[in-house]
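Chemist: Provided below: structure-v3.txt, containing compact mmCIF, C-alpha atoms.
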# COMPACT_ATOMS: atom_id res chain seq x y z
CA MET A 10 90.35 93.75 107.71
CA ALA A 11 92.51 93.66 104.59
CA SER A 12 93.96 96.80 103.12
CA ARG A 13 92.27 98.02 99.93
CA GLU A 14 94.10 100.62 97.88
CA ILE A 15 93.48 101.93 94.33
CA ILE A 16 96.54 101.77 92.09
CA VAL A 17 97.20 103.95 89.05
CA PRO A 18 99.92 104.04 86.37
CA LYS A 19 102.75 106.56 86.80
CA ASN A 20 102.11 107.63 83.22
CA ASP A 21 98.85 109.55 83.48
CA LYS A 22 98.03 108.93 79.82
CA LEU A 23 97.56 105.26 80.65
CA ASN A 24 94.91 105.96 83.30
CA VAL A 25 92.24 104.87 80.83
CA SER A 26 89.38 104.53 83.30
CA ARG A 27 89.78 108.16 84.33
CA ASN A 28 90.56 109.55 80.87
CA PHE A 29 87.57 107.81 79.30
CA ASN A 30 85.35 108.34 82.38
CA LEU A 31 84.68 104.64 82.98
CA PRO A 32 83.37 103.28 86.30
CA HIS A 33 86.39 101.19 87.26
CA SER A 34 89.92 101.68 88.59
CA PRO A 35 93.13 100.67 86.77
CA GLY A 36 93.79 98.27 89.61
CA VAL A 37 93.21 97.55 93.26
CA ARG A 38 95.73 96.30 95.77
CA ALA A 39 94.05 94.12 98.38
CA GLY A 40 96.26 92.49 100.96
CA ASP A 41 99.03 90.58 99.20
CA PHE A 42 97.44 90.72 95.76
CA ILE A 43 96.97 93.24 92.96
CA PHE A 44 93.88 92.93 90.77
CA LEU A 45 93.97 94.73 87.41
CA SER A 46 91.13 95.76 85.14
CA GLY A 47 91.03 94.51 81.58
CA MET A 48 93.48 96.49 79.47
CA LEU A 49 93.32 97.35 75.78
CA SER A 50 96.13 98.54 73.52
CA THR A 51 96.68 102.20 74.45
CA ASP A 52 99.34 104.58 73.12
CA PRO A 53 101.42 105.65 76.14
CA ALA A 54 102.29 108.99 74.46
CA SER A 55 98.78 110.14 73.51
CA GLY A 56 96.51 108.06 75.74
CA GLU A 57 94.43 107.14 72.69
CA ARG A 58 93.54 103.58 71.74
CA SER A 59 96.19 102.01 69.55
CA PRO A 60 94.54 99.47 67.28
CA GLY A 61 96.63 97.36 64.92
CA THR A 62 97.59 93.79 64.25
CA MET A 63 97.14 91.20 66.97
CA ALA A 64 100.91 91.23 67.47
CA HIS A 65 100.98 95.00 67.88
CA GLU A 66 98.03 95.13 70.27
CA THR A 67 99.40 92.26 72.35
CA ARG A 68 102.81 93.93 72.66
CA GLN A 69 101.34 97.33 73.54
CA THR A 70 98.89 95.91 76.08
CA LEU A 71 101.49 93.81 77.88
CA SER A 72 103.94 96.75 77.90
CA ASN A 73 101.27 98.89 79.52
CA MET A 74 100.46 96.11 81.99
CA ARG A 75 104.14 95.92 82.93
CA HIS A 76 104.14 99.70 83.50
CA LEU A 77 101.03 99.57 85.68
CA LEU A 78 102.34 96.67 87.78
CA GLU A 79 105.73 98.36 88.19
CA SER A 80 103.98 101.61 89.16
CA ALA A 81 102.51 99.63 92.07
CA GLY A 82 105.80 97.98 93.02
CA SER A 83 105.03 94.63 91.36
CA SER A 84 106.09 93.22 87.98
CA LEU A 85 105.14 90.82 85.20
CA GLU A 86 107.24 88.16 86.96
CA ARG A 87 104.80 88.34 89.88
CA VAL A 88 101.64 87.73 87.87
CA VAL A 89 99.84 84.62 89.11
CA LYS A 90 96.78 84.47 86.85
CA ILE A 91 96.02 86.15 83.57
CA ASN A 92 92.92 86.14 81.38
CA VAL A 93 93.36 86.91 77.68
CA LEU A 94 90.27 87.84 75.67
CA LEU A 95 90.55 87.69 71.88
CA TYR A 96 88.09 88.93 69.25
CA ASP A 97 88.76 85.78 67.21
CA LEU A 98 90.46 82.59 68.35
CA LEU A 99 91.86 82.23 64.84
CA GLU A 100 94.49 84.76 65.98
CA PHE A 101 95.61 82.68 68.95
CA GLU A 102 99.07 82.02 67.54
CA ASN A 103 99.62 85.66 66.68
CA MET A 104 98.92 86.56 70.30
CA ASN A 105 100.93 83.67 71.69
CA GLY A 106 104.10 84.49 69.75
CA VAL A 107 104.32 87.94 71.33
CA TYR A 108 103.03 86.80 74.73
CA ARG A 109 105.92 84.35 75.02
CA GLN A 110 108.44 87.22 74.86
CA PHE A 111 106.92 88.83 77.96
CA PHE A 112 106.83 85.62 80.01
CA PRO A 113 109.98 83.75 78.96
CA LYS A 114 110.22 81.70 82.15
CA ASP A 115 107.65 80.14 84.52
CA PRO A 116 104.66 81.92 82.95
CA PRO A 117 101.53 82.62 85.03
CA ALA A 118 98.40 80.50 84.93
CA ARG A 119 96.36 81.65 81.94
CA THR A 120 92.94 81.35 80.34
CA VAL A 121 92.28 82.42 76.75
CA CYS A 122 88.75 83.12 75.57
CA GLY A 123 87.09 84.41 72.39
CA VAL A 124 84.69 87.31 73.10
CA GLN A 125 83.20 90.45 71.56
CA LEU A 126 85.43 93.44 72.37
CA SER A 127 84.78 97.19 72.35
CA ALA A 128 85.77 99.68 69.70
CA GLY A 129 87.12 97.18 67.19
CA MET A 130 90.01 96.17 69.45
CA LYS A 131 91.46 92.69 69.05
CA ILE A 132 92.69 91.81 72.54
CA GLU A 133 91.98 92.63 76.17
CA ILE A 134 94.08 91.33 79.08
CA GLU A 135 93.42 91.30 82.84
CA CYS A 136 95.47 89.78 85.62
CA ILE A 137 96.01 89.07 89.29
CA ALA A 138 99.56 89.55 90.60
CA LEU A 139 101.37 89.34 93.89
CA ALA A 140 101.96 92.78 95.33
CA GLY A 141 105.51 94.17 95.64
CA MET B 23 102.20 76.51 107.43
CA PRO B 24 98.48 76.02 108.14
CA SER B 25 96.18 76.62 105.18
CA LEU B 26 93.57 79.35 105.26
CA PRO B 27 90.12 78.32 106.51
CA ARG B 28 87.56 77.94 103.70
CA ILE B 29 84.26 79.29 104.91
CA VAL B 30 81.05 78.72 102.96
CA VAL B 31 78.86 81.83 102.89
CA SER B 32 75.20 80.82 103.02
CA PRO B 33 72.60 82.62 100.90
CA PRO B 34 71.47 85.61 102.98
CA ARG B 35 67.90 85.42 101.58
CA PRO B 36 65.90 82.36 100.52
CA GLY B 37 65.63 83.55 96.92
CA LEU B 38 69.41 83.71 96.54
CA ASP B 39 69.82 79.96 97.08
CA MET B 40 70.50 79.11 93.43
CA GLY B 41 70.98 75.45 94.29
CA ALA B 42 67.51 75.10 95.83
CA HIS B 43 65.74 77.03 93.06
CA TYR B 44 67.63 76.08 89.95
CA GLY B 45 69.95 73.20 90.85
CA TRP B 46 73.05 75.31 90.27
CA ILE B 47 75.83 73.56 92.16
CA GLN B 48 77.49 76.49 93.89
CA SER B 49 77.76 78.22 97.23
CA ALA B 50 76.71 81.87 97.37
CA ALA B 51 80.32 82.72 98.16
CA ILE B 52 83.44 81.30 99.73
CA ARG B 53 85.49 83.29 102.20
CA CYS B 54 89.19 82.53 102.62
CA GLY B 55 91.01 84.73 105.08
CA ASP B 56 90.29 88.32 104.09
CA TYR B 57 89.10 87.41 100.59
CA VAL B 58 85.56 86.68 99.45
CA PHE B 59 84.96 84.86 96.16
CA VAL B 60 81.39 85.27 94.99
CA SER B 61 79.49 83.02 92.58
CA GLY B 62 78.04 84.57 89.43
CA ILE B 63 75.15 86.79 90.48
CA VAL B 64 72.06 87.30 88.32
CA ALA B 65 68.76 89.16 88.62
CA VAL B 66 66.55 86.95 90.77
CA ASP B 67 64.06 88.04 93.40
CA PRO B 68 65.93 87.70 96.71
CA GLU B 69 62.82 86.48 98.55
CA SER B 70 61.10 84.20 96.03
CA GLY B 71 63.98 83.25 93.75
CA GLU B 72 61.87 84.18 90.72
CA ARG B 73 63.87 85.14 87.63
CA LEU B 74 63.57 88.85 86.95
CA ASN B 75 64.57 88.93 83.29
CA GLY B 76 64.20 92.45 81.98
CA THR B 77 66.22 95.20 80.39
CA LEU B 78 69.95 95.25 80.88
CA ALA B 79 69.49 98.20 83.26
CA SER B 80 66.81 96.53 85.39
CA GLU B 81 68.83 93.31 85.60
CA ALA B 82 72.00 95.18 86.50
CA HIS B 83 70.25 97.01 89.35
CA ARG B 84 68.86 93.76 90.76
CA ALA B 85 72.16 91.91 90.33
CA PHE B 86 74.09 94.64 92.15
CA GLN B 87 71.58 94.66 95.00
CA ASN B 88 71.85 90.87 95.27
CA LEU B 89 75.63 91.10 95.18
CA GLY B 90 75.47 93.63 98.02
CA LEU B 91 73.37 91.21 100.10
CA VAL B 92 75.81 88.33 99.59
CA LEU B 93 78.85 90.50 100.33
CA GLU B 94 77.31 91.80 103.53
CA ALA B 95 76.54 88.23 104.61
CA ALA B 96 80.25 87.53 104.13
CA GLY B 97 81.30 90.54 106.22
CA SER B 98 82.19 92.66 103.18
CA SER B 99 80.31 95.21 101.06
CA LEU B 100 80.10 96.74 97.57
CA ALA B 101 82.65 99.35 98.71
CA ARG B 102 85.13 96.52 99.44
CA LEU B 103 84.99 94.94 95.97
CA VAL B 104 88.42 94.50 94.40
CA GLN B 105 87.76 92.83 91.04
CA VAL B 106 84.60 92.33 89.01
CA ARG B 107 83.93 90.46 85.78
CA ALA B 108 80.76 92.02 84.49
CA MET B 109 79.31 89.69 81.89
CA ILE B 110 76.80 91.09 79.44
CA TYR B 111 74.95 89.30 76.66
CA ASP B 112 75.87 91.82 73.96
CA ARG B 113 78.60 94.43 73.70
CA ILE B 114 76.11 96.87 72.26
CA GLU B 115 74.79 97.41 75.82
CA TYR B 116 78.19 98.40 77.25
CA ASP B 117 77.09 101.97 77.95
CA ALA B 118 73.78 100.85 79.44
CA LEU B 119 75.78 98.73 81.88
CA ASN B 120 78.10 101.59 82.81
CA ARG B 121 75.21 103.93 83.59
CA VAL B 122 73.91 101.55 86.27
CA TYR B 123 77.32 100.27 87.33
CA ARG B 124 78.71 103.63 88.43
CA GLN B 125 75.80 104.17 90.85
CA TYR B 126 76.86 101.16 92.93
CA VAL B 127 80.60 101.84 93.06
CA PRO B 128 80.79 105.65 93.15
CA GLU B 129 84.10 105.94 95.03
CA GLY B 130 87.31 104.05 94.28
CA PRO B 131 85.61 101.45 92.06
CA PRO B 132 87.03 97.93 91.76
CA ALA B 133 89.16 96.66 88.89
CA ARG B 134 86.81 95.43 86.20
CA THR B 135 86.64 93.65 82.89
CA VAL B 136 83.47 93.46 80.83
CA TRP B 137 83.02 90.11 79.12
CA SER B 138 80.45 89.59 76.40
CA ALA B 139 79.13 86.13 77.10
CA ARG B 140 76.14 83.89 76.82
CA ILE B 141 74.51 83.75 80.23
CA MET B 142 72.29 81.01 81.65
CA ASP B 143 68.50 81.39 81.47
CA ALA B 144 68.69 84.30 79.00
CA PHE B 145 69.88 86.72 81.65
CA LYS B 146 71.51 89.85 80.24
CA VAL B 147 73.94 90.45 83.11
CA GLN B 148 75.98 88.29 85.44
CA LEU B 149 78.42 89.68 88.02
CA ASP B 150 81.44 87.62 89.09
CA ALA B 151 83.28 89.25 91.96
CA VAL B 152 86.17 89.14 94.41
CA ALA B 153 86.08 91.36 97.51
CA VAL B 154 87.89 91.77 100.79
CA VAL B 155 86.34 91.91 104.23
Kindly return the structure encoded in the file as C-alpha cells.

Modeler:
Amino acid sequence: MASREIIVPKNDKLNVSRNFNLPHSPGVRAGDFIFLSGMLSTDPASGERSPGTMAHETRQTLSNMRHLLESAGSSLERVVKINVLLYDLLEFENMNGVYRQFFPKDPPARTVCGVQLSAGMKIEIECIALAG
Amino acid sequence: MPSLPRIVVSPPRPGLDMGAHYGWIQSAAIRCGDYVFVSGIVAVDPESGERLNGTLASEAHRAFQNLGLVLEAAGSSLARLVQVRAMIYDRIEYDALNRVYRQYVPEGPPARTVWSARIMDAFKVQLDAVAVV
C-alpha cells in the first residue's frame, strides 16, 4: 500500500482550498510523486486572488507553485508533467515568455489548453512532480 | 530494472463497460504498481449502462458512485484518490459541483482541478482520476 499524505504550503495564506473552503487539498504526496491541485494567481501576503496581466498571473502562480513544492521537499526542477489552462489561447505567448524563466533547462512535459476559468482569472496551473 | 506490471482493471458492473455499450475504446482503469489510472467516468447506470443525463448534481452523484465502484475493483477507494480532474460543461455550475463533491471526499480530499469542457453525449460531469491502492 502506497503512502498517501496531504501537503500544504508553509505560508498559510497560500492554503487556498482551506481559506476559500473548497473540497480539495493543495496537494497530495503518494509514493514517489506529488500531485498538486490547479493553482490560480494568489497574493502570498494577503491570501486574496491577484488578478492582472497574463504575465503577472503566470509569474505569481508559478512562484506559489515553487513555494508549495518546496514546502513538501520537492522543487520546480522535479516537475514531470504540467497542465496550463488559459482563458484565451491568444495569450499563449504572454504566458510562455514568463514560463520560460521558471523552467530554463530541461522543462517538464506540458499541455496547454484554453478553458473557462473562475472569477475572471486568466491562468490556472496544475502539476505532477517527483517527491523530495 | 524490470518495468512495473500494467494490469487492466475490468468493469466491476456490466453497465460500466463503456466499450460494450458505447464503443469507447478504453479500459475501466489501469493499475501500475501502487497507482490506479481511471478512465473518464460519467453518469451511467452501473447495471444497464443507460445514460443518466440529468442535473449537474444528479450526474455528479452517479459519477462519484461509479468511480467508487471502479476504484474498489482496482483495490483502491474514494479515500485513496490523489488527483482528480473534474470536468464540467459550464463554469457557472462550479458551486453545484462542490456541494456534491465534498460529500464523497470529506477527509483529506485529493488534489483537484476543475476543467470546463465539452463532454461526450451531453453529459454535464466527467471525473478523471488517479488513486493509490

Chemist: Could you give me, as a VMD selection string, the residues within 10 Å of Arg107 of chain B, counting only C-alpha atoms and dropping anything in the same chain fewer than 6 positions from it?

Modeler: (chain A and resid 46 to 47 135) or (chain B and resid 62 133 to 137 148 to 152)

Chemist: For Ser127 of chain A, which residue out of B:Tyr116, B:Gln125, B:Tyr44, B:Lys146 is the nearest one, using only C-alpha atoms?

Modeler: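 Among the listed residues, B:Tyr116 lies closest to Ser127 of chain A.
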
Chemist: Go through B:His83, B:Arg28, B:His43, B:Arg73 one by one, measure the shortest atom-to-atom distance of each to Phe59 of chain B using only C-alpha atoms, and give the residue with the smallest value.

Modeler: B:Arg28

Chemist: Residues at most 7 Å from Leu23 of chain A, counting only C-alpha atoms, excluding those fewer than 4 positions away in the same chain, as an MDAnalysis selection string?

Modeler: chainID A and resid 18 51 53 56

Chemist: Near Asp143 of chain B, within 12 Å and counting all atoms listed in the file, which residues show up once chain neighbours fewer than 5 positions away are dropped, as a ChimeraX atom specification?

Modeler: /B:44,46,64-66,72-76,111,148

Chemist: Provide the atom CA of Glu94 of chain B to atom CA of Asn120 of chain B distance in Å, to one decimal place.

Modeler: 22.9 Å

Chemist: Compare A:Gly36, A:Gly129, A:Pro117, A:Gly82 by their minimum atom-to-atom distance to chain B, counting all atoms listed in the file, and give me the closest one.

Modeler: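 Of the candidates, the smallest distance to chain B is held by A:Gly36.
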
Chemist: Which value, in Å to one decimal, gives the distance between atom CA of Pro68 of chain B and atom CA of Asn88 of chain B?

Modeler: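 Taking atom CA of Pro68 of chain B as the start and atom CA of Asn88 of chain B as the end point, the length is 6.9 Å.
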
Chemist: Using 12 Å as the limit and counting only C-alpha atoms, can you tabulate each residue of chain A that touches chain B, with its shortest atom-to-atom distance in Å and the two atoms involved, as a tab-separated table?

Modeler:
residue	atom	partner	partner_atom	distance
A:Met10	CA	B:Val155	CA	5.6
A:Ala11	CA	B:Asp56	CA	5.8
A:Ser12	CA	B:Val154	CA	8.2
A:Arg13	CA	B:Arg102	CA	7.3
A:Glu14	CA	B:Gly130	CA	8.4
A:Ile15	CA	B:Gly130	CA	6.5
A:Ile16	CA	B:Ala133	CA	9.5
A:Val17	CA	B:Ala133	CA	10.9
A:Val25	CA	B:Ala133	CA	11.9
A:Ser26	CA	B:Ala133	CA	9.7
A:Arg27	CA	B:Gly130	CA	11.0
A:Phe29	CA	B:Asn120	CA	11.9
A:Asn30	CA	B:Asn120	CA	9.9
A:Leu31	CA	B:Asn120	CA	7.3
A:Pro32	CA	B:Arg124	CA	5.1
A:His33	CA	B:Pro131	CA	4.9
A:Ser34	CA	B:Ala133	CA	5.1
A:Pro35	CA	B:Ala133	CA	6.0
A:Gly36	CA	B:Ala133	CA	5.0
A:Val37	CA	B:Val104	CA	5.8
A:Arg38	CA	B:Val104	CA	7.7
A:Ala39	CA	B:Val104	CA	6.9
A:Gly40	CA	B:Asp56	CA	7.9
A:Asp41	CA	B:Asp56	CA	10.3
A:Phe42	CA	B:Val104	CA	9.9
A:Ile43	CA	B:Val104	CA	8.8
A:Phe44	CA	B:Gln105	CA	6.1
A:Leu45	CA	B:Ala133	CA	5.4
A:Ser46	CA	B:Ala133	CA	4.3
A:Gly47	CA	B:Thr135	CA	4.7
A:Met48	CA	B:Thr135	CA	8.2
A:Leu49	CA	B:Thr135	CA	10.4
A:Asn92	CA	B:Thr135	CA	9.9
A:Val93	CA	B:Thr135	CA	10.9
A:Leu94	CA	B:Trp137	CA	8.3
A:Leu95	CA	B:Trp137	CA	10.7
A:Tyr96	CA	B:Ser138	CA	10.5
A:Cys122	CA	B:Trp137	CA	9.7
A:Gly123	CA	B:Ser138	CA	9.3
A:Val124	CA	B:Ser138	CA	5.8
A:Gln125	CA	B:Ser138	CA	5.6
A:Leu126	CA	B:Arg113	CA	7.0
A:Ser127	CA	B:Arg113	CA	6.9
A:Ala128	CA	B:Arg113	CA	9.7
A:Gly129	CA	B:Arg113	CA	11.1
A:Ile132	CA	B:Trp137	CA	11.8
A:Glu133	CA	B:Thr135	CA	8.6
A:Ile134	CA	B:Thr135	CA	8.7
A:Glu135	CA	B:Thr135	CA	7.2
A:Cys136	CA	B:Ala133	CA	9.9
A:Ile137	CA	B:Gln105	CA	9.2

Chemist: Could you check which of A:Ala118, A:Val107, A:Ile91, A:Ala81 is closest to Gln69 of chain A, using only C-alpha atoms?

Modeler: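 Of A:Ala118, A:Val107, A:Ile91, A:Ala81, the one nearest Gln69 of chain A is A:Val107, counting only C-alpha atoms.
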
Chemist: Report, in Å with one decimal, the straight-line distance from atom CA of Ala140 of chain A to atom CA of Asp115 of chain A.

Modeler: 17.6 Å

Chemist: Ranking B:Leu38, B:Ala51, B:Ile141, B:Val147 by minimum distance to Ala96 of chain B and counting only C-alpha atoms, which one comes first?

Modeler: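 For Ala96 of chain B, the nearest of the given residues is B:Ala51.
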